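J.: Just passing along the structure, written as structure tokens.
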Amino acid sequence: MEDINDNLLKIEERIKVAAKRSGRDLSEIKLLPISKYHSLDKIQVVLDKGYVEFGESRVQELMEKDEEFSSDVEWHMIGHLQRNKVKYLARMTRCKLIHSVDSLRLAKEINKRAKQEERVMNILIQVNTAQDDNKFGIYTKEAIEMVKKIGSFKNVKIRGLMTIAPYSDDPEEVRPAFRKLRKLAEKIEAEEIEGVEMKELSMGMSNDLEVAIEEGATILRVGSAIFGEREYN
């Protein structure tokens, strides 16, 4: 478990250096530990360091972990979300943000289930900035129109955008994907759509977080670089 503490310190230092280099305030950037496939004991180590928000990619795993923590842990759903699983997230009061909304049908289901639970659910629109047919996410050219439609929903609040950049050993190769997301957010913000905010840009992982920070990331999703190799599949 000492490795986790060391890993956290290394990631925090990288974030601090990148923020300073790009003239950004550290308070604008959130490190989101991705706890999928990792044990409760490992999560507790990070929790003890003051982190209370964690990312999960499977609804079942998220639910099981939520039941084990009585503290103020909050969860982010970062994985592909099926409509038939939305009802479970809507019932979870500590589900803070869904990163992976990539269709109008999914947004409608979230709105419907949130209304049933008498709550508003915060979401990000997942954008396929690489325009890769093998990846989830809406294409950039379709995003603004979809955001306008979702903006009218009463029980869903768009807080920003998310993207998963193609993996590369050279972080500079993914810079265009991050820049495209930031510029899209700026375009949407300029539209002044009621009920829509562009406060969050969820982009960047351990191998490219410096570039993501330089391009405006507000949420960095870091898993194995904190927790080590996954413990189960």
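All residue names refer to the structure tokens as shown: chains lettered A, B, ... in order, residues numbered from 1 in each chain, ligands numbered from 1 in order.
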With a distance cut-off of 10 Å and only C-alpha atoms, select the neighbouring residues of A:Lys16, excluding the residue or stretch itself and same-chain residues fewer than 3 positions from it, and output the selection as a ChimeraX atom specification.

T.: /A:10-13,19-21,24-26,29,210,213

J.: Which one is closest to A:Thr163: A:Glu200, A:Glu191, A:Glu74, A:Glu145? Count only C-alpha atoms.

T.: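 For A:Thr163, the nearest of the given residues is A:Glu200.
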
J.: What lies within 12 Å of A:Asp48 using only C-alpha atoms, ignoring chain neighbours under 6 positions off, as a list of chain:residue names?

T.: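 Once the adjacent positions are removed, what remains is A:Met1, A:Ile4, A:Asn5, A:Leu8, A:Asp41, A:Lys42, A:Ser71, A:Asp72, A:Val73.
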
J.: Determine, counting only C-alpha atoms, which protein, DNA and RNA residues have an atom within 6 Å of an atom of A:Val127; residues of the same chain fewer than 5 positions away are not included. Present the result as a VMD selection string.

T.: chain A and resid 137 to 139 163

J.: Just to be explicit: take each residue in the selection above, keep all heavy atoms, and write the result as a compact mmCIF listing (two decimals), in the first residue's frame.

T.:
# COMPACT_ATOMS: atom_id res chain seq x y z
N GLY A 137 -18.91 7.52 -28.25
CA GLY A 137 -18.90 8.97 -28.24
C GLY A 137 -19.52 9.54 -29.50
O GLY A 137 -19.44 8.96 -30.58
N ILE A 138 -20.12 10.68 -29.35
CA ILE A 138 -20.75 11.35 -30.49
C ILE A 138 -19.68 12.11 -31.27
O ILE A 138 -18.70 12.59 -30.70
CB ILE A 138 -21.87 12.30 -30.00
CG1 ILE A 138 -22.65 12.86 -31.19
CG2 ILE A 138 -21.31 13.41 -29.13
CD1 ILE A 138 -23.92 13.57 -30.79
N TYR A 139 -19.85 12.19 -32.58
CA TYR A 139 -18.88 12.94 -33.38
C TYR A 139 -19.04 14.44 -33.13
O TYR A 139 -20.13 14.93 -32.84
CB TYR A 139 -19.06 12.63 -34.86
CG TYR A 139 -18.43 11.32 -35.31
CD1 TYR A 139 -17.89 10.43 -34.38
CD2 TYR A 139 -18.36 10.98 -36.65
CE1 TYR A 139 -17.30 9.25 -34.78
CE2 TYR A 139 -17.77 9.79 -37.07
CZ TYR A 139 -17.24 8.93 -36.12
OH TYR A 139 -16.65 7.76 -36.52
N THR A 163 -13.70 13.11 -23.37
CA THR A 163 -13.20 12.36 -24.51
C THR A 163 -12.15 11.35 -24.05
O THR A 163 -11.51 11.54 -23.01
CB THR A 163 -12.59 13.26 -25.60
OG1 THR A 163 -12.49 12.53 -26.82
CG2 THR A 163 -11.22 13.80 -25.22

J.: Please run DSSP on the backbone and report, as a VMD selection string, all residues within stretch 34-231 of chain A that come out as helix (DSSP H, G or I).

T.: chain A and resid 40 to 48 59 to 68 83 to 91 104 to 116 140 to 150 171 to 191 209 to 214 224 to 227

J.: Would you kindly return, as JSON, numbers by chain, each protein, DNA or RNA residue with an atom no farther than 8 Å from any atom of A:Val59, considering only C-alpha atoms and excluding same-chain residues fewer than 5 positions away?

T.: {"A": [77, 81, 85, 88, 89]}

J.: Selection from above, C-alpha atoms, as an mmCIF file, in the first residue's frame, can you write it?

T.:
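Wrote part20.cif, looks like this:
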data_model
loop_
_atom_site.group_PDB
_atom_site.id
_atom_site.type_symbol
_atom_site.label_atom_id
_atom_site.label_comp_id
_atom_site.auth_asym_id
_atom_site.auth_seq_id
_atom_site.Cartn_x
_atom_site.Cartn_y
_atom_site.Cartn_z
ATOM 1 C CA MET A 77 -19.464 6.701 -13.925
ATOM 2 C CA LEU A 81 -23.512 3.110 -19.992
ATOM 3 C CA LYS A 85 -28.537 0.224 -16.086
ATOM 4 C CA TYR A 88 -29.492 1.897 -10.668
ATOM 5 C CA LEU A 89 -27.362 5.014 -10.959
#

J.: Contacts between stretch 107-115 of chain A and stretch 14-100 of chain A, please, where a residue of stretch 14-100 of chain A counts if it comes within 7 Å (with only C-alpha atoms); show its shortest atom pair and distance in Å to one decimal, rows by chain and ascending number, as CSV.

T.:
residue,atom,partner,partner_atom,distance
A:Arg83,CA,A:Glu109,CA,6.4
A:Val86,CA,A:Ile110,CA,6.1
A:Lys87,CA,A:Arg113,CA,5.7
A:Ala90,CA,A:Ala114,CA,5.5

J.: Step one, run DSSP on the backbone; step two, keep only residues of stretch 46-198 of chain A assigned to strand (DSSP E); then write them as a PyMOL selection string.

T.: chain A and resi 53-56+74-77+95-101+121-126+156-162+196-198

J.: Next, dump the selected residues to file, keeping only N, CA and C atoms, as an mmCIF file, in the first residue's frame.

T.:
data_model
loop_
_atom_site.group_PDB
_atom_site.id
_atom_site.type_symbol
_atom_site.label_atom_id
_atom_site.label_comp_id
_atom_site.auth_asym_id
_atom_site.auth_seq_id
_atom_site.Cartn_x
_atom_site.Cartn_y
_atom_site.Cartn_z
ATOM 1 N N GLU A 53 -13.615 11.337 -4.350
ATOM 2 C CA GLU A 53 -14.305 11.032 -5.604
ATOM 3 C C GLU A 53 -13.501 9.989 -6.375
ATOM 4 N N PHE A 54 -14.212 8.960 -6.861
ATOM 5 C CA PHE A 54 -13.567 7.863 -7.571
ATOM 6 C C PHE A 54 -14.353 7.541 -8.836
ATOM 7 N N GLY A 55 -13.653 7.048 -9.842
ATOM 8 C CA GLY A 55 -14.291 6.697 -11.104
ATOM 9 C C GLY A 55 -14.428 5.201 -11.265
ATOM 10 N N GLU A 56 -15.576 4.759 -11.746
ATOM 11 C CA GLU A 56 -15.838 3.351 -12.034
ATOM 12 C C GLU A 56 -16.413 3.230 -13.439
ATOM 13 N N GLU A 74 -17.898 9.806 -3.230
ATOM 14 C CA GLU A 74 -18.762 10.118 -4.367
ATOM 15 C C GLU A 74 -18.193 9.427 -5.605
ATOM 16 N N TRP A 75 -19.100 9.032 -6.487
ATOM 17 C CA TRP A 75 -18.704 8.209 -7.624
ATOM 18 C C TRP A 75 -18.930 8.910 -8.963
ATOM 19 N N HIS A 76 -18.030 8.652 -9.884
ATOM 20 C CA HIS A 76 -18.172 9.090 -11.267
ATOM 21 C C HIS A 76 -18.310 7.835 -12.119
ATOM 22 N N MET A 77 -19.304 7.797 -12.970
ATOM 23 C CA MET A 77 -19.464 6.701 -13.925
ATOM 24 C C MET A 77 -18.734 7.104 -15.199
ATOM 25 N N CYS A 95 -23.834 9.092 -6.655
ATOM 26 C CA CYS A 95 -23.362 9.118 -8.040
ATOM 27 C C CYS A 95 -23.334 10.582 -8.474
ATOM 28 N N LYS A 96 -22.148 11.156 -8.512
ATOM 29 C CA LYS A 96 -22.011 12.601 -8.705
ATOM 30 C C LYS A 96 -22.055 13.025 -10.164
ATOM 31 N N LEU A 97 -21.460 12.207 -11.041
ATOM 32 C CA LEU A 97 -21.315 12.633 -12.431
ATOM 33 C C LEU A 97 -21.209 11.429 -13.356
ATOM 34 N N ILE A 98 -21.940 11.472 -14.461
ATOM 35 C CA ILE A 98 -21.833 10.458 -15.512
ATOM 36 C C ILE A 98 -21.054 11.079 -16.668
ATOM 37 N N HIS A 99 -19.900 10.509 -16.975
ATOM 38 C CA HIS A 99 -19.011 11.081 -17.998
ATOM 39 C C HIS A 99 -19.378 10.655 -19.413
ATOM 40 N N SER A 100 -20.142 9.580 -19.544
ATOM 41 C CA SER A 100 -20.177 8.853 -20.823
ATOM 42 C C SER A 100 -21.529 8.892 -21.536
ATOM 43 N N VAL A 101 -22.164 10.046 -21.552
ATOM 44 C CA VAL A 101 -23.440 10.172 -22.270
ATOM 45 C C VAL A 101 -23.139 10.475 -23.733
ATOM 46 N N MET A 121 -29.548 14.840 -12.378
ATOM 47 C CA MET A 121 -28.292 14.115 -12.551
ATOM 48 C C MET A 121 -27.340 14.913 -13.435
ATOM 49 N N ASN A 122 -26.115 15.018 -12.966
ATOM 50 C CA ASN A 122 -25.083 15.747 -13.707
ATOM 51 C C ASN A 122 -24.409 14.820 -14.713
ATOM 52 N N ILE A 123 -24.223 15.317 -15.915
ATOM 53 C CA ILE A 123 -23.636 14.489 -16.973
ATOM 54 C C ILE A 123 -22.604 15.267 -17.777
ATOM 55 N N LEU A 124 -21.739 14.503 -18.437
ATOM 56 C CA LEU A 124 -20.861 15.042 -19.466
ATOM 57 C C LEU A 124 -21.225 14.369 -20.781
ATOM 58 N N ILE A 125 -21.058 15.069 -21.859
ATOM 59 C CA ILE A 125 -21.275 14.491 -23.176
ATOM 60 C C ILE A 125 -19.954 13.904 -23.665
ATOM 61 N N GLN A 126 -19.971 12.611 -23.986
ATOM 62 C CA GLN A 126 -18.751 11.965 -24.478
ATOM 63 C C GLN A 126 -18.624 12.209 -25.976
ATOM 64 N N VAL A 156 -31.760 16.610 -16.018
ATOM 65 C CA VAL A 156 -30.382 16.349 -16.437
ATOM 66 C C VAL A 156 -29.677 17.689 -16.564
ATOM 67 N N LYS A 157 -28.441 17.732 -16.091
ATOM 68 C CA LYS A 157 -27.661 18.967 -16.203
ATOM 69 C C LYS A 157 -26.332 18.646 -16.881
ATOM 70 N N ILE A 158 -26.117 19.241 -18.048
ATOM 71 C CA ILE A 158 -24.837 19.064 -18.742
ATOM 72 C C ILE A 158 -23.797 19.974 -18.095
ATOM 73 N N ARG A 159 -22.707 19.355 -17.625
ATOM 74 C CA ARG A 159 -21.646 20.098 -16.943
ATOM 75 C C ARG A 159 -20.407 20.285 -17.803
ATOM 76 N N GLY A 160 -20.372 19.593 -18.943
ATOM 77 C CA GLY A 160 -19.196 19.714 -19.790
ATOM 78 C C GLY A 160 -19.065 18.543 -20.748
ATOM 79 N N LEU A 161 -17.823 18.266 -21.154
ATOM 80 C CA LEU A 161 -17.550 17.246 -22.170
ATOM 81 C C LEU A 161 -16.482 16.268 -21.694
ATOM 82 N N MET A 162 -16.467 15.104 -22.313
ATOM 83 C CA MET A 162 -15.448 14.089 -22.038
ATOM 84 C C MET A 162 -14.968 13.492 -23.345
ATOM 85 N N VAL A 196 -27.148 24.513 -19.725
ATOM 86 C CA VAL A 196 -25.917 23.834 -20.144
ATOM 87 C C VAL A 196 -24.705 24.622 -19.656
ATOM 88 N N GLU A 197 -23.778 23.913 -19.028
ATOM 89 C CA GLU A 197 -22.505 24.502 -18.607
ATOM 90 C C GLU A 197 -21.359 23.772 -19.299
ATOM 91 N N MET A 198 -20.267 24.462 -19.451
ATOM 92 C CA MET A 198 -19.061 23.831 -19.992
ATOM 93 C C MET A 198 -17.915 24.015 -18.998
#

J.: Pick from A:Leu209, A:Leu9, A:Ala143, A:Met63: nearest to A:Lys187, with only C-alpha atoms counted?

T.: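 Closest candidate: A:Ala143.
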
J.: Pick out the residues sitting within 9 Å of A:Ser224, and hand them over as a list in words; count only C-alpha atoms, and ignore anything fewer than 5 positions along from it in its own chain.

T.: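 In the requested format, the answer is Pro33, Ile34, Ser35, Ser206, Glu229 and Arg230 of chain A.
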
J.: Name all residues at most 12 Å from A:Ala177 (count only C-alpha atoms; drop same-chain ones fewer than 5 positions away) and give them as a ChimeraX atom specification.

T.: /A:127-132,139-140,162-168,171-172,182-184,203-204,208,211-212,215-217

J.: Could you please take those selected residues and save N, CA and C atoms as a CSV table (one decimal), in the first residue's frame?

T.:
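Contents of part_18.csv, freshly written:
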chain,number,residue,atom,x,y,z
A,127,VAL,N,-17.5,12.8,-26.4
A,127,VAL,CA,-17.2,13.1,-27.8
A,127,VAL,C,-16.1,12.3,-28.3
A,128,ASN,N,-16.4,11.7,-29.5
A,128,ASN,CA,-15.4,10.9,-30.2
A,128,ASN,C,-14.5,11.8,-31.0
A,129,THR,N,-13.6,12.5,-30.4
A,129,THR,CA,-12.7,13.5,-31.1
A,129,THR,C,-11.8,12.8,-32.1
A,130,ALA,N,-11.5,11.5,-31.9
A,130,ALA,CA,-10.7,10.9,-32.9
A,130,ALA,C,-11.5,10.4,-34.1
A,131,GLN,N,-12.8,10.5,-34.0
A,131,GLN,CA,-13.7,10.0,-35.1
A,131,GLN,C,-13.3,8.5,-35.5
A,132,ASP,N,-13.2,7.7,-34.4
A,132,ASP,CA,-12.9,6.3,-34.6
A,132,ASP,C,-14.2,5.5,-34.4
A,139,TYR,N,-19.8,12.2,-32.6
A,139,TYR,CA,-18.9,12.9,-33.4
A,139,TYR,C,-19.0,14.4,-33.1
A,140,THR,N,-18.0,15.1,-33.3
A,140,THR,CA,-17.9,16.6,-33.0
A,140,THR,C,-19.0,17.4,-33.7
A,162,MET,N,-16.5,15.1,-22.3
A,162,MET,CA,-15.4,14.1,-22.0
A,162,MET,C,-15.0,13.5,-23.3
A,163,THR,N,-13.7,13.1,-23.4
A,163,THR,CA,-13.2,12.4,-24.5
A,163,THR,C,-12.1,11.3,-24.1
A,164,ILE,N,-12.0,10.3,-24.8
A,164,ILE,CA,-11.0,9.3,-24.6
A,164,ILE,C,-10.1,9.4,-25.8
A,165,ALA,N,-8.9,9.8,-25.6
A,165,ALA,CA,-7.9,10.0,-26.7
A,165,ALA,C,-7.3,8.7,-27.1
A,166,PRO,N,-6.9,8.5,-28.4
A,166,PRO,CA,-6.2,7.3,-28.8
A,166,PRO,C,-4.9,7.1,-28.0
A,167,TYR,N,-4.6,5.9,-27.6
A,167,TYR,CA,-3.4,5.7,-26.8
A,167,TYR,C,-2.2,5.9,-27.8
A,168,SER,N,-1.2,6.6,-27.2
A,168,SER,CA,0.1,6.8,-27.9
A,168,SER,C,1.2,6.9,-26.9
A,171,PRO,N,2.7,11.7,-26.2
A,171,PRO,CA,1.6,12.5,-25.8
A,171,PRO,C,1.2,13.6,-26.8
A,172,GLU,N,2.2,14.1,-27.5
A,172,GLU,CA,2.0,15.1,-28.5
A,172,GLU,C,1.0,14.7,-29.6
A,182,ARG,N,-11.7,21.0,-26.3
A,182,ARG,CA,-11.7,22.4,-25.7
A,182,ARG,C,-12.4,23.4,-26.7
A,183,LYS,N,-12.0,23.3,-27.9
A,183,LYS,CA,-12.6,24.3,-28.9
A,183,LYS,C,-14.1,24.0,-29.1
A,184,LEU,N,-14.5,22.7,-29.0
A,184,LEU,CA,-16.0,22.4,-29.1
A,184,LEU,C,-16.7,23.0,-27.8
A,203,MET,N,-10.6,14.8,-19.6
A,203,MET,CA,-9.7,14.2,-20.6
A,203,MET,C,-8.3,14.1,-20.0
A,204,GLY,N,-7.6,13.1,-20.5
A,204,GLY,CA,-6.2,13.0,-20.0
A,204,GLY,C,-6.1,11.8,-19.0
A,208,ASP,N,-0.7,10.9,-20.7
A,208,ASP,CA,-0.8,12.2,-21.4
A,208,ASP,C,-1.4,13.3,-20.6
A,211,VAL,N,-0.2,17.1,-21.3
A,211,VAL,CA,-0.8,17.7,-22.5
A,211,VAL,C,-2.3,18.1,-22.3
A,212,ALA,N,-3.0,17.2,-21.6
A,212,ALA,CA,-4.4,17.4,-21.3
A,212,ALA,C,-4.5,18.7,-20.5
A,215,GLU,N,-4.1,21.8,-22.5
A,215,GLU,CA,-5.3,22.0,-23.4
A,215,GLU,C,-6.6,22.3,-22.6
A,216,GLY,N,-6.5,22.4,-21.3
A,216,GLY,CA,-7.7,22.8,-20.5
A,216,GLY,C,-8.4,21.8,-19.7
A,217,ALA,N,-7.9,20.6,-19.5
A,217,ALA,CA,-8.5,19.5,-18.8
A,217,ALA,C,-8.9,20.0,-17.4

J.: Just give me the gap between atom CA of A:Asn155 and atom CA of A:Glu118 in Å, one decimal is fine.

T.: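 For atom CA of A:Asn155 relative to atom CA of A:Glu118, the distance reads 8.1 Å.
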
J.: Which of these, A:Met92, A:Val147, A:Leu47, A:Ala18, has the shortest distance to A:Leu32 once you count only C-alpha atoms?

T.: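 Under the stated criterion, the closest residue is A:Leu47.
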